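Shown here: data-v7.txt, compact mmCIF, C-alpha atoms.
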# COMPACT_ATOMS: atom_id res chain seq x y z
CA MET A 1 110.84 83.42 118.94
CA ALA A 2 108.33 80.51 120.09
CA LEU A 3 104.82 79.78 118.84
CA ASP A 4 101.89 82.07 118.18
CA PRO A 5 100.07 83.21 121.33
CA ALA A 6 96.78 82.98 119.44
CA SER A 7 96.89 79.22 119.80
CA ALA A 8 95.69 79.17 123.40
CA THR A 9 92.75 81.50 123.03
CA GLN A 10 90.06 78.88 122.57
CA LEU A 11 91.10 76.78 125.57
CA GLU A 12 89.14 76.99 128.78
CA GLU A 13 90.74 78.51 131.85
CA ASP A 14 90.07 75.27 133.76
CA ASP A 15 92.69 73.62 131.54
CA PHE A 16 95.34 75.85 133.10
CA LEU A 17 95.09 74.82 136.78
CA ILE A 18 98.82 74.19 136.86
CA ASN A 19 101.16 74.56 139.82
CA VAL A 20 104.06 76.57 138.42
CA GLY A 21 105.40 77.64 141.81
CA HIS A 22 106.77 81.11 142.48
CA ILE A 23 108.03 82.91 139.39
CA ASP A 24 110.26 85.93 139.95
CA ASP A 25 109.91 88.83 137.52
CA VAL A 26 113.36 89.21 135.99
CA GLN A 27 113.10 92.97 135.64
CA GLU A 28 112.35 93.27 139.34
CA LEU A 29 115.27 90.97 140.13
CA THR A 30 117.69 93.21 138.25
CA LYS A 31 116.56 96.20 140.34
CA THR A 32 117.86 94.45 143.47
CA LYS A 33 121.43 94.38 142.07
CA LEU A 34 121.53 90.66 142.79
CA ARG A 35 124.83 88.81 142.67
CA ILE A 36 123.50 85.26 142.96
CA ILE A 37 121.09 84.00 140.30
CA PRO A 38 117.96 82.34 141.74
CA GLU A 39 118.16 78.58 141.31
CA ARG A 40 115.14 78.35 138.98
CA PHE A 41 117.00 80.42 136.38
CA VAL A 42 120.29 78.51 136.62
CA ARG A 43 120.51 76.02 133.78
CA ASP A 44 121.94 72.54 133.98
CA VAL A 45 125.58 72.49 132.90
CA ASN A 46 124.85 70.89 129.52
CA GLU A 47 122.27 73.63 128.71
CA ARG A 48 124.39 76.66 129.59
CA PRO A 49 125.51 78.93 126.75
CA SER A 50 129.20 79.08 125.96
CA LEU A 51 129.98 82.80 126.15
CA ALA A 52 133.72 82.66 126.81
CA LYS A 53 134.70 82.50 123.14
CA PRO A 54 131.65 83.42 121.07
CA LEU A 55 131.76 83.08 117.32
CA PRO A 56 132.24 86.47 115.69
CA PRO A 57 128.75 87.41 114.44
CA SER A 58 128.65 88.38 110.80
CA PRO A 59 125.58 89.38 108.78
CA ALA A 60 127.25 87.72 105.80
CA ASP A 61 126.89 84.31 107.50
CA MET A 62 123.13 84.33 107.12
CA PRO A 63 121.36 84.75 103.75
CA VAL A 64 120.05 88.22 102.97
CA ILE A 65 117.05 88.69 100.68
CA ASP A 66 116.39 92.00 98.94
CA PHE A 67 112.61 92.11 98.95
CA SER A 68 112.53 95.03 96.50
CA LYS A 69 114.07 92.79 93.83
CA LEU A 70 111.21 90.35 94.27
CA THR A 71 108.50 92.99 94.07
CA ALA A 72 109.98 95.55 91.66
CA GLY A 73 112.93 93.92 89.93
CA ASN A 74 113.21 92.87 86.33
CA GLY A 75 112.61 89.27 85.32
CA GLU A 76 116.21 88.22 85.84
CA GLU A 77 116.43 89.89 89.28
CA ILE A 78 113.17 88.32 90.42
CA GLN A 79 114.26 84.84 89.40
CA SER A 80 117.69 85.27 90.98
CA GLU A 81 116.21 86.44 94.28
CA ILE A 82 113.66 83.59 94.31
CA LEU A 83 116.55 81.13 93.94
CA LYS A 84 118.39 82.86 96.81
CA LEU A 85 115.26 82.61 98.95
CA ALA A 86 114.85 78.91 98.13
CA ALA A 87 118.49 78.25 99.06
CA ALA A 88 118.05 80.21 102.31
CA CYS A 89 115.00 78.15 103.29
CA GLU A 90 116.71 74.85 102.47
CA GLN A 91 120.15 75.55 103.91
CA TRP A 92 119.38 77.82 106.87
CA GLY A 93 115.66 78.08 107.60
CA PHE A 94 116.47 81.70 108.53
CA PHE A 95 117.13 84.78 106.42
CA GLN A 96 117.24 88.55 106.79
CA VAL A 97 115.04 90.70 104.58
CA LEU A 98 116.08 94.15 103.37
CA ASN A 99 113.81 96.71 101.67
CA HIS A 100 110.80 94.84 103.04
CA GLY A 101 108.38 97.72 102.54
CA ILE A 102 107.53 98.30 106.22
CA ASP A 103 108.13 101.95 107.07
CA LEU A 104 111.16 102.35 109.32
CA ASN A 105 109.33 105.02 111.32
CA LEU A 106 106.58 102.50 112.05
CA MET A 107 109.21 100.01 113.22
CA ASP A 108 110.68 102.70 115.48
CA SER A 109 107.21 103.41 116.88
CA MET A 110 106.64 99.73 117.59
CA GLU A 111 110.00 99.50 119.32
CA LYS A 112 109.25 102.61 121.39
CA THR A 113 105.84 101.25 122.35
CA GLY A 114 107.30 97.91 123.39
CA ARG A 115 110.01 99.46 125.51
CA GLU A 116 107.55 101.83 127.17
CA PHE A 117 105.34 98.89 128.11
CA PHE A 118 108.15 96.97 129.77
CA MET A 119 109.24 100.11 131.66
CA LEU A 120 105.81 100.41 133.30
CA PRO A 121 105.56 99.58 137.02
CA LEU A 122 105.13 95.87 137.69
CA GLU A 123 101.67 96.49 139.16
CA GLU A 124 100.52 97.98 135.85
CA LYS A 125 101.92 95.13 133.75
CA GLN A 126 100.39 92.54 136.05
CA LYS A 127 96.94 93.80 135.09
CA TYR A 128 97.56 91.84 131.90
CA SER A 129 99.09 88.70 133.42
CA LEU A 130 98.83 85.46 131.51
CA ILE A 131 97.16 82.45 133.08
CA PRO A 132 99.64 79.63 133.83
CA GLY A 133 99.65 77.32 130.84
CA SER A 134 98.48 79.97 128.37
CA VAL A 135 100.54 82.27 126.16
CA GLN A 136 98.58 85.53 125.85
CA GLY A 137 99.40 88.27 128.34
CA TYR A 138 102.38 89.30 130.45
CA GLY A 139 104.72 86.91 132.22
CA GLN A 140 106.55 83.64 131.61
CA ALA A 141 104.95 81.35 129.04
CA PHE A 142 105.54 77.61 128.52
CA VAL A 143 105.92 76.91 132.26
CA PHE A 144 104.14 73.77 133.50
CA SER A 145 105.72 72.75 136.82
CA GLU A 146 107.18 74.32 139.94
CA ASP A 147 110.64 72.89 139.31
CA GLN A 148 110.91 73.84 135.61
CA LYS A 149 113.82 76.10 134.71
CA LEU A 150 112.82 79.66 133.80
CA ASP A 151 113.95 81.93 130.98
CA TRP A 152 115.74 85.21 131.73
CA CYS A 153 113.06 87.16 129.92
CA SER A 154 109.83 89.09 130.36
CA MET A 155 107.21 88.39 127.69
CA PHE A 156 104.04 90.05 126.57
CA ALA A 157 101.94 88.40 123.86
CA LEU A 158 98.68 89.04 122.04
CA GLY A 159 96.55 87.20 119.51
CA ILE A 160 96.01 89.48 116.50
CA GLU A 161 94.08 87.70 113.73
CA PRO A 162 91.45 86.51 113.19
CA GLN A 163 89.52 88.75 115.55
CA CYS A 164 88.09 85.77 117.46
CA VAL A 165 91.51 84.96 118.97
CA ARG A 166 91.82 88.35 120.66
CA CYS A 167 91.51 88.80 124.40
CA PRO A 168 90.44 92.46 124.64
CA HIS A 169 91.09 92.64 128.40
CA LEU A 170 94.77 91.93 127.75
CA TRP A 171 95.29 94.89 125.43
CA PRO A 172 97.00 97.55 127.60
CA LYS A 173 95.64 101.04 128.10
CA LYS A 174 99.21 102.21 128.69
CA PRO A 175 101.36 103.31 127.00
CA ALA A 176 99.22 105.68 124.98
CA ARG A 177 98.48 104.55 121.40
CA PHE A 178 99.65 101.01 122.18
CA SER A 179 96.70 99.38 120.44
CA GLU A 180 96.86 101.69 117.44
CA THR A 181 100.56 101.05 116.92
CA VAL A 182 100.20 97.28 117.24
CA GLU A 183 97.27 97.25 114.80
CA VAL A 184 99.09 99.21 112.08
CA TYR A 185 102.36 97.32 112.56
CA SER A 186 100.63 93.94 112.48
CA ARG A 187 98.77 94.76 109.26
CA GLU A 188 102.07 95.56 107.56
CA VAL A 189 103.75 92.42 108.85
CA ARG A 190 100.78 90.34 107.63
CA LYS A 191 101.18 91.76 104.13
CA LEU A 192 104.88 90.90 104.22
CA CYS A 193 104.18 87.32 105.32
CA GLN A 194 101.63 86.89 102.54
CA SER A 195 104.18 88.08 100.00
CA ILE A 196 107.06 86.01 101.37
CA GLN A 197 104.99 82.82 101.33
CA LYS A 198 104.15 83.53 97.70
CA TYR A 199 107.83 83.67 96.73
CA ILE A 200 108.63 80.61 98.86
CA ALA A 201 105.96 78.75 96.90
CA LEU A 202 107.38 79.89 93.57
CA GLY A 203 110.85 78.79 94.69
CA LEU A 204 109.41 75.34 95.33
CA GLY A 205 107.94 75.18 91.84
CA LEU A 206 104.39 75.65 93.16
CA GLU A 207 101.65 78.13 92.30
CA GLY A 208 102.27 81.41 94.10
CA ASP A 209 98.93 81.41 95.93
CA VAL A 210 99.05 77.79 97.12
CA PHE A 211 99.78 78.61 100.78
CA GLU A 212 97.32 81.49 100.91
CA LYS A 213 94.54 79.18 99.71
CA MET A 214 95.65 76.34 101.97
CA PHE A 215 95.97 78.37 105.20
CA GLY A 216 92.53 79.99 105.06
CA VAL A 217 92.22 83.05 107.32
CA ALA A 218 95.74 82.80 108.68
CA MET A 219 96.43 83.04 112.41
CA GLN A 220 98.64 85.91 113.50
CA ALA A 221 100.06 86.83 116.88
CA LEU A 222 102.63 89.20 118.30
CA ARG A 223 104.99 88.76 121.21
CA MET A 224 107.45 91.23 122.72
CA ASN A 225 110.45 89.82 124.58
CA TYR A 226 112.44 91.92 127.02
CA TYR A 227 115.78 90.57 128.28
CA PRO A 228 117.21 92.58 131.19
CA PRO A 229 120.97 92.53 131.89
CA CYS A 230 122.06 89.47 133.84
CA PRO A 231 125.08 89.38 136.20
CA ARG A 232 125.81 85.78 135.16
CA PRO A 233 124.70 85.34 131.54
CA ASP A 234 126.78 82.16 131.39
CA LEU A 235 124.30 80.45 133.73
CA VAL A 236 120.98 81.37 132.12
CA LEU A 237 119.11 81.37 128.82
CA GLY A 238 116.97 84.24 127.54
CA ILE A 239 114.66 81.77 125.80
CA SER A 240 115.00 77.99 125.74
CA PRO A 241 115.94 76.24 122.47
CA HIS A 242 112.92 75.60 120.26
CA SER A 243 111.56 75.69 116.74
CA ASP A 244 108.44 77.69 115.87
CA GLY A 245 105.20 75.86 115.20
CA GLY A 246 103.65 78.04 112.50
CA ALA A 247 104.57 78.82 108.91
CA LEU A 248 106.62 82.02 109.22
CA THR A 249 108.06 84.08 112.07
CA VAL A 250 109.16 87.70 111.66
CA LEU A 251 111.54 89.21 114.21
CA GLN A 252 112.45 92.84 114.72
CA GLN A 253 115.30 93.55 117.12
CA ALA A 254 115.37 96.95 118.81
CA LYS A 255 118.16 99.32 117.87
CA GLY A 256 121.21 99.21 120.10
CA SER A 257 120.38 95.77 121.48
CA PRO A 258 123.27 93.33 121.95
CA VAL A 259 123.45 90.17 119.88
CA GLY A 260 121.19 87.67 121.62
CA LEU A 261 119.55 85.34 119.12
CA GLN A 262 121.43 82.15 118.27
CA VAL A 263 120.57 79.64 115.54
CA LEU A 264 121.58 75.99 115.62
CA LYS A 265 123.53 75.51 112.39
CA ASP A 266 125.49 72.31 111.74
CA LYS A 267 125.25 71.44 115.47
CA THR A 268 126.78 74.80 116.45
CA TRP A 269 125.02 77.76 118.05
CA VAL A 270 125.63 80.67 115.69
CA PRO A 271 124.92 84.24 116.94
CA VAL A 272 122.83 86.36 114.59
CA GLN A 273 123.85 89.98 114.01
CA PRO A 274 120.76 91.83 112.72
CA ILE A 275 121.30 94.24 109.83
CA PRO A 276 119.95 97.72 110.71
CA GLY A 277 116.49 98.18 109.23
CA ALA A 278 116.18 94.53 108.21
CA LEU A 279 113.72 91.95 109.50
CA LEU A 280 114.70 88.41 110.38
CA ILE A 281 112.38 85.68 109.08
CA ASN A 282 112.41 81.96 109.81
CA ILE A 283 110.27 79.08 108.66
CA GLY A 284 108.36 76.98 111.20
CA ASP A 285 107.30 73.39 111.67
CA THR A 286 104.35 73.87 109.31
CA MET A 287 106.65 74.44 106.34
CA GLU A 288 108.74 71.42 107.28
CA VAL A 289 105.64 69.24 107.23
CA LEU A 290 104.24 70.64 103.97
CA THR A 291 107.57 70.18 102.15
CA ASN A 292 108.07 66.72 103.72
CA GLY A 293 111.34 67.88 105.26
CA LYS A 294 112.82 69.61 102.21
CA TYR A 295 112.68 72.83 104.21
CA LYS A 296 113.32 72.36 107.93
CA SER A 297 112.36 74.48 110.89
CA VAL A 298 115.48 75.37 112.86
CA GLU A 299 116.15 75.39 116.58
CA HIS A 300 117.01 78.78 118.01
CA ARG A 301 117.48 80.30 121.44
CA ALA A 302 118.31 83.62 123.08
CA VAL A 303 121.12 84.43 125.49
CA ALA A 304 121.41 87.24 128.02
CA HIS A 305 124.02 90.00 128.26
CA GLN A 306 125.84 91.09 131.39
CA GLU A 307 125.48 94.84 130.88
CA LYS A 308 122.87 95.55 128.20
CA ASP A 309 119.18 94.85 127.88
CA ARG A 310 117.58 93.59 124.68
CA LEU A 311 114.12 93.98 123.16
CA SER A 312 112.68 91.94 120.31
CA ILE A 313 109.28 92.12 118.63
CA VAL A 314 108.16 88.81 117.15
CA SER A 315 105.22 88.18 114.82
CA PHE A 316 103.88 84.68 114.14
CA TYR A 317 101.99 83.66 110.99
CA ALA A 318 100.30 80.27 110.81
CA PRO A 319 97.46 78.33 109.17
CA ASN A 320 93.95 78.74 110.51
CA HIS A 321 93.16 76.32 113.33
CA GLY A 322 90.52 74.62 111.20
CA VAL A 323 93.01 73.56 108.51
CA ASP A 324 94.26 69.98 108.12
CA LEU A 325 97.88 69.60 107.03
CA SER A 326 100.08 66.89 105.57
CA PRO A 327 103.05 66.72 103.19
CA MET A 328 102.17 68.01 99.73
CA PRO A 329 102.25 65.31 97.03
CA GLU A 330 104.93 67.22 95.10
CA PHE A 331 107.42 66.30 97.85
CA VAL A 332 106.56 62.64 98.35
CA ASP A 333 107.91 59.83 96.13
CA GLU A 334 109.81 56.54 96.32
CA ASN A 335 113.02 58.31 97.28
CA ASN A 336 111.25 60.63 99.73
CA PRO A 337 108.60 58.64 101.60
CA CYS A 338 106.00 60.52 103.62
CA LYS A 339 107.50 61.59 106.97
CA PHE A 340 104.44 63.19 108.55
CA ARG A 341 100.84 62.14 109.13
CA ARG A 342 97.78 64.22 108.35
CA TYR A 343 96.71 66.35 111.33
CA ASN A 344 94.65 69.38 112.28
CA TYR A 345 96.71 72.51 112.81
CA GLY A 346 94.54 73.63 115.73
CA ASP A 347 95.27 70.33 117.50
CA TYR A 348 98.97 70.80 116.84
CA ALA A 349 98.88 74.38 118.13
CA ILE A 350 97.28 73.24 121.38
CA HIS A 351 99.91 70.50 121.69
CA TYR A 352 102.64 73.12 121.16
CA ILE A 353 101.48 75.61 123.75
CA THR A 354 100.78 72.94 126.39
CA ASN A 355 104.37 71.67 126.38
CA LYS A 356 107.56 73.35 127.50
CA LEU A 357 110.00 74.57 124.87
CA GLU A 358 112.35 71.67 124.22
CA GLY A 359 114.13 71.80 120.88
CA LYS A 360 112.03 70.32 118.07
CA LYS A 361 110.30 67.79 120.31
CA THR A 362 106.81 69.14 119.56
CA LEU A 363 107.22 68.20 115.90
CA ASP A 364 107.00 64.55 117.01
CA PHE A 365 103.24 65.18 117.20
CA SER A 366 103.00 65.06 113.42
CA LYS A 367 105.55 62.38 112.56
CA MET A 368 104.53 59.06 111.05

Let me see the structure of the file written as structure tokens.
Amino acid sequence: MALDPASATQLEEDDFLINVGHIDDVQELTKTKLRIIPERFVRDVNERPSLAKPLPPSPADMPVIDFSKLTAGNGEEIQSEILKLAAACEQWGFFQVLNHGIDLNLMDSMEKTGREFFMLPLEEKQKYSLIPGSVQGYGQAFVFSEDQKLDWCSMFALGIEPQCVRCPHLWPKKPARFSETVEVYSREVRKLCQSIQKYIALGLGLEGDVFEKMFGVAMQALRMNYYPPCPRPDLVLGISPHSDGGALTVLQQAKGSPVGLQVLKDKTWVPVQPIPGALLINIGDTMEVLTNGKYKSVEHRAVAHQEKDRLSIVSFYAPNHGVDLSPMPEFVDENNPCKFRRYNYGDYAIHYITNKLEGKKTLDFSKM
């Protein structure tokens, strides 16, 4: 689930003259029936996931928000669900959303489109390859040296909104109706993000439209992650631990996929079992800054599975690059001194996408 691909769009290609060495395509590797994992994918011992005795995943472990109660409930239901949302943001930074209003058939179409893209021949997908150091296109993002460890994942990412962040040459012609499906899906996700941020604001005791006004024309991007089976999932990571840089991230996991996402909760990696039809939402670094740490972005990672592949569709929602951010005065006082400096979100976004994923290290950019 890492930062919005839109962030790199305005950078010049000359900024990306980076020697990343040879990067194997993980899908192609799995076709060779390999038994030994290439060294660049093998994690240091202290980074390897513990898969021998995984915690039993339970949807009940993570807060669940019934969006229909927020939008169509009576006064008591609305207030109760806002309080649940506030507690979820403060205690977890992650929550699942039921009855979110996005048509399940549209979600199925997006899943089908994503899977069809990743099943295309490598030569077709490479027509949309990302430039080393950027995040839009197909390939491995957040790689900046030839000895950096690689994620066991194929990625394809696009800037969605505003229109100026789009790279039209990276929008695939195959599969059929790819662009149409992404457009419709992204519009619906944007509406959901706008609504969720309203109820987050109300839960904080703020005006409901405060974030909408603050963010301007919000940035939005979409990334699809495909995790092929791995013969030694105990040696690799699907995606390195990180927090997201924007305001909100919305994740849809494809039906039938194994549990792969893990959230760092109380210093323990907790596997997340998605509820069928639900969407998983987490808050990013932006919300941590604005609330002066009251709400915290949370580290998360993905692990691979020995026998099953996994597909996730991730949407990122963030302030416009022209917006300056700092802790809101409502969250700063003698007992809670200001933890973050004032900064431009566009500068932060560039800082994020030009560093490898490494926990919450990128948030240091904004600390006092």

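With all atoms listed in the file as the atoms that count, the minimum distance from Cys89 of chain A to the choices A:Asp61, A:Asp151, A:Glu288, A:Asp108 is reached by A:Glu288.
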
Which value, in Å to one decimal, gives the distance between atom CA of Ala87 of chain A and atom CA of Ser315 of chain A?
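Separation between atom CA of Ala87 of chain A and atom CA of Ser315 of chain A: 22.9 Å.
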
Between A:Lys255, A:Lys125, A:Arg48, A:Lys191, which one has atoms that come closest to His100 of chain A, using only C-alpha atoms?
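Closest to His100 of chain A, using only C-alpha atoms: A:Lys191.
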
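Nearest residue to Leu248 of chain A among A:Pro231, A:Pro329, A:Pro121, A:Pro319 is A:Pro319, counting all atoms listed in the file.
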
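Picture a line from atom CA of Phe156 of chain A to atom CA of Asp24 of chain A; it runs 15.3 Å.
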
Pick from A:Phe316, A:Phe144, A:Phe118, A:Tyr352 nearest to His22 of chain A, counting all atoms listed in the file:
A:Phe144

Close residues, segment 200-213 of chain A itself excluded, 9 Å, only C-alpha atoms, min 2 positions apart in chain, as a ChimeraX atom specification:
/A:79,82-87,89,194-198,215-218,291,319,330

One number please: atom CA of Val26 of chain A to atom CA of Arg177 of chain A, in Å, one decimal.
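According to the coordinates, atom CA of Val26 of chain A and atom CA of Arg177 of chain A are separated by 25.9 Å.
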
Can you work out which one of A:Phe178, A:Tyr343, A:Phe94, A:Tyr317 has the shortest atom-to-atom distance to Gln220 of chain A, counting all atoms listed in the file?
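Counting all atoms listed in the file, the residue closest to Gln220 of chain A is A:Tyr317.
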
Select, from A:Leu280, A:Val314, A:Val303, A:Ile78, the residue with the minimum atom-to-atom distance to Gln262 of chain A, counting all atoms listed in the file.
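Closest candidate: A:Val303.
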
Incomplete segment 202-225 of chain A filled out to N, CA and C atoms as a short mmCIF file (atom, residue, chain, number, x, y, z; two decimals), keeping the file's coordinate frame:
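Below you can see part-v9.cif, which holds the result:
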data_model
loop_
_atom_site.label_atom_id
_atom_site.label_comp_id
_atom_site.auth_asym_id
_atom_site.auth_seq_id
_atom_site.Cartn_x
_atom_site.Cartn_y
_atom_site.Cartn_z
N LEU A 202 106.81 79.86 94.92
CA LEU A 202 107.38 79.89 93.57
C LEU A 202 108.76 79.23 93.55
N GLY A 203 109.54 79.42 94.60
CA GLY A 203 110.85 78.79 94.69
C GLY A 203 110.78 77.28 94.79
N LEU A 204 109.63 76.78 95.24
CA LEU A 204 109.41 75.34 95.33
C LEU A 204 108.79 74.77 94.06
N GLY A 205 108.56 75.63 93.08
CA GLY A 205 107.94 75.18 91.84
C GLY A 205 106.44 75.05 91.95
N LEU A 206 105.83 75.72 92.94
CA LEU A 206 104.39 75.65 93.16
C LEU A 206 103.71 76.92 92.65
N GLU A 207 102.40 76.91 92.60
CA GLU A 207 101.65 78.13 92.30
C GLU A 207 101.85 79.13 93.43
N GLY A 208 101.95 80.40 93.10
CA GLY A 208 102.27 81.41 94.10
C GLY A 208 101.25 81.55 95.21
N ASP A 209 99.99 81.22 94.92
CA ASP A 209 98.93 81.41 95.93
C ASP A 209 98.58 80.13 96.67
N VAL A 210 99.41 79.09 96.55
CA VAL A 210 99.05 77.79 97.12
C VAL A 210 98.92 77.85 98.64
N PHE A 211 99.84 78.55 99.32
CA PHE A 211 99.78 78.61 100.78
C PHE A 211 98.64 79.51 101.26
N GLU A 212 98.42 80.60 100.53
CA GLU A 212 97.32 81.49 100.91
C GLU A 212 95.99 80.74 100.87
N LYS A 213 95.78 79.95 99.82
CA LYS A 213 94.54 79.18 99.71
C LYS A 213 94.48 78.08 100.77
N MET A 214 95.60 77.46 101.03
CA MET A 214 95.65 76.34 101.97
C MET A 214 95.41 76.78 103.41
N PHE A 215 95.99 77.93 103.80
CA PHE A 215 95.97 78.37 105.20
C PHE A 215 94.63 78.96 105.63
N GLY A 216 93.78 79.34 104.68
CA GLY A 216 92.53 79.99 105.06
C GLY A 216 92.81 81.36 105.67
N VAL A 217 91.97 81.78 106.62
CA VAL A 217 92.22 83.05 107.32
C VAL A 217 93.34 82.79 108.31
N ALA A 218 94.55 83.17 107.92
CA ALA A 218 95.74 82.80 108.68
C ALA A 218 95.71 83.38 110.10
N MET A 219 96.27 82.59 111.03
CA MET A 219 96.43 83.04 112.41
C MET A 219 97.63 83.98 112.48
N GLN A 220 97.52 84.99 113.30
CA GLN A 220 98.64 85.91 113.50
C GLN A 220 98.68 86.33 114.96
N ALA A 221 99.88 86.40 115.51
CA ALA A 221 100.06 86.83 116.88
C ALA A 221 101.35 87.63 116.99
N LEU A 222 101.45 88.36 118.07
CA LEU A 222 102.63 89.20 118.30
C LEU A 222 103.12 88.97 119.72
N ARG A 223 104.41 88.86 119.86
CA ARG A 223 104.99 88.76 121.21
C ARG A 223 106.21 89.66 121.32
N MET A 224 106.29 90.39 122.42
CA MET A 224 107.45 91.23 122.72
C MET A 224 108.25 90.54 123.82
N ASN A 225 109.54 90.44 123.61
CA ASN A 225 110.45 89.82 124.58
C ASN A 225 111.41 90.87 125.10
#
